[in-house]
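Heads up, the thing below is written out as structure tokens.
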Amino acid sequence: MFIHPLHPLHPLHPCHPLHPMAPFAPYIQRMSGALSIAFLGFLLGVRHAVDPDHVVAMSTIATRATSFRRAAGLGAMWGIGHTLTILLVGGTIVLLRVAISPRVGLAMEFSVALMLILLGFQNVWRARGTDAPAPSSARPFVVGMVHGMAGSAAVVLLVLATVSDTTWALAYLSLFGLGTVIGMVIVTATIALPASVAVSRVKNARRWLTLASGVASVALGVLLASELTEGEGGLFSDLPTWTPR
């Protein structure tokens with residue numbers, strides 16, 4: 001009877017008792033599983049960067065970037081700030097097994113809504129002038145940190161549900177952070193490319209792009225704030241309910 005080489009009963013398969021690597025097979029299987037989960041963390045990090053609140057927040061910054069390269073650098077700073085908070089907050093939760101209360105979780109997400117409103121109003125105000133200053137690297141870094149604080153709980157809950165080993169859980173968080181850096185560089189570059197083309201061809205284009213991104217940021221911030229505070233399970237209610245997202 002023919003046995004495929006990839007079948008566990010084939011002598012060349014590492015799990016076969018006669019294979020020289022058979023004693024290490026359990027470790028190899030656990031290692032491959034952990035590597036797969038870590039790689040999944042990287043892919044989810046790239047996906048996480050394109051969440052609507054992230055894109056809108058960075059659009060308020062990217063539309064004022066003076067060049068394509070500058071916009072990509074600002075996106076990287078957002079990702080670094082986001083990753084730093086994920087590692088600090090998420091690492092603490094993983095190491096100490098700290099539970100986040102619903103009110104604290106809602107408060108962290110509410111801070112993102114307030115930040116979106118603030119960023120939006122700043123852009124609306126700057127759009128009144130003709131020469132708005134280019135955004136500094138500190139701004140996307142701080143914005144990324146706030147976003148990371150709000151999103152760390154959901155990421156860690158996913159990690160704790162799939163990874164039992166603390167070392168691999170921290171590796172997952174690190175690769176997730178790397179994925180968000182790369183993802184946000186792509187996002188900001190994608191926003192900045194058509195914006196730079198429009199600025200070079202249309203008069204006052206940067207002013208209108210700044211205004212549009214500001215209005216969108218305020219609108220999304222108000223929407224998020226209302227979702228987090230209204231109803232019996234809202235942030236300011238007696239018994240808040242929170243689902244990490």
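All residue names refer to the structure tokens as shown: chains lettered A, B, ... in order, residues numbered from 1 in each chain, ligands numbered from 1 in order.
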What's around A:Val46 at 6 Å? Count only C-alpha atoms, leave out sequence neighbours fewer than 2 positions away in its own chain, and write the answer as a PyMOL selection string. chain A and resi 43-44+48-49+179-180+183
Run DSSP on the backbone and give me the residues of stretch 88-239 of chain A it puts in helix (DSSP H, G or I), as a ChimeraX atom specification. /A:88-96,102-126,138-162,166-201,205-229
Which residues are near A:Phe39? Cut-off 8 Å, only C-alpha atoms, ignore same chain within fewer than 3 positions. Put them as a list in words. Leu35, Ser36, Phe42, Leu43, Tyr172 and Leu175 of chain A
Could you write those residues out with N, CA and C atoms, as a short mmCIF file (atom, residue, chain, number, x, y, z; two decimals), in the first residue's frame?
data_model
loop_
_atom_site.label_atom_id
_atom_site.label_comp_id
_atom_site.auth_asym_id
_atom_site.auth_seq_id
_atom_site.Cartn_x
_atom_site.Cartn_y
_atom_site.Cartn_z
N LEU A 35 4.60 29.86 15.66
CA LEU A 35 5.03 30.73 14.56
C LEU A 35 3.85 31.14 13.69
N SER A 36 2.93 30.21 13.47
CA SER A 36 1.74 30.53 12.67
C SER A 36 0.90 31.60 13.36
N PHE A 42 0.99 39.47 12.91
CA PHE A 42 1.51 40.47 11.97
C PHE A 42 0.45 40.87 10.95
N LEU A 43 -0.24 39.90 10.38
CA LEU A 43 -1.27 40.19 9.38
C LEU A 43 -2.42 40.98 10.00
N TYR A 172 3.78 37.79 19.79
CA TYR A 172 2.58 38.11 19.01
C TYR A 172 2.31 39.61 19.05
N LEU A 175 4.89 41.50 16.88
CA LEU A 175 4.64 41.38 15.44
C LEU A 175 3.35 42.10 15.05
#
For A:Val146, work out the shell of residues within 12 Å, counting only C-alpha atoms and skipping chain neighbours fewer than 6 positions away, then give it as JSON, numbers by chain. {"A": [53, 54, 57, 78, 79, 80, 81, 82, 83, 84, 85, 86, 89, 107, 108, 109, 110, 111, 112, 113, 114, 115, 116, 139, 140, 152]}
Of the candidates A:Leu211, A:Ala195, A:Ile37, A:Ile100, which shows the shortest atom-to-atom distance to A:Thr66, using only C-alpha atoms?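 Under the stated criterion, the closest residue is A:Ala195.
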Restricting the calculation to only C-alpha atoms, which member of A:Arg69, A:Leu74, A:Pro52, A:Glu232 is positioned closest to A:Val142? A:Leu74
With only C-alpha atoms as the counted atoms, please give the residues lying no more than 9 Å from stretch 101-105 of chain A, apart from itself and same-chain residues fewer than 2 positions off, as number ranges by chain. A: 99, 107-110, 150, 153, 234-236, 239-244
Point-to-point distance in Å for atom CA of A:Leu95 and atom CA of A:Gly41: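 These atoms are spaced 18.0 Å apart.
Proximity of A:Leu96, A:Ala205, A:Ala62, A:Leu87 to A:Pro135, computed with only C-alpha atoms, is greatest for A:Ala62.
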Here is a test: counting only C-alpha atoms, which residue of A:Ala169, A:Ile186, A:Val156, A:Ala38 is nearest to A:Met58? A:Ile186
With distances taken over only C-alpha atoms, which of A:Ala212, A:Arg245, A:Ala171, A:Ser226 is nearest to A:His147?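 Once distances to A:His147 are computed over only C-alpha atoms, the minimum belongs to A:Arg245.
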What does the distance between atom CA of A:Ala65 and atom CA of A:Gln122 come to in Å, to one decimal place? 15.0 Å
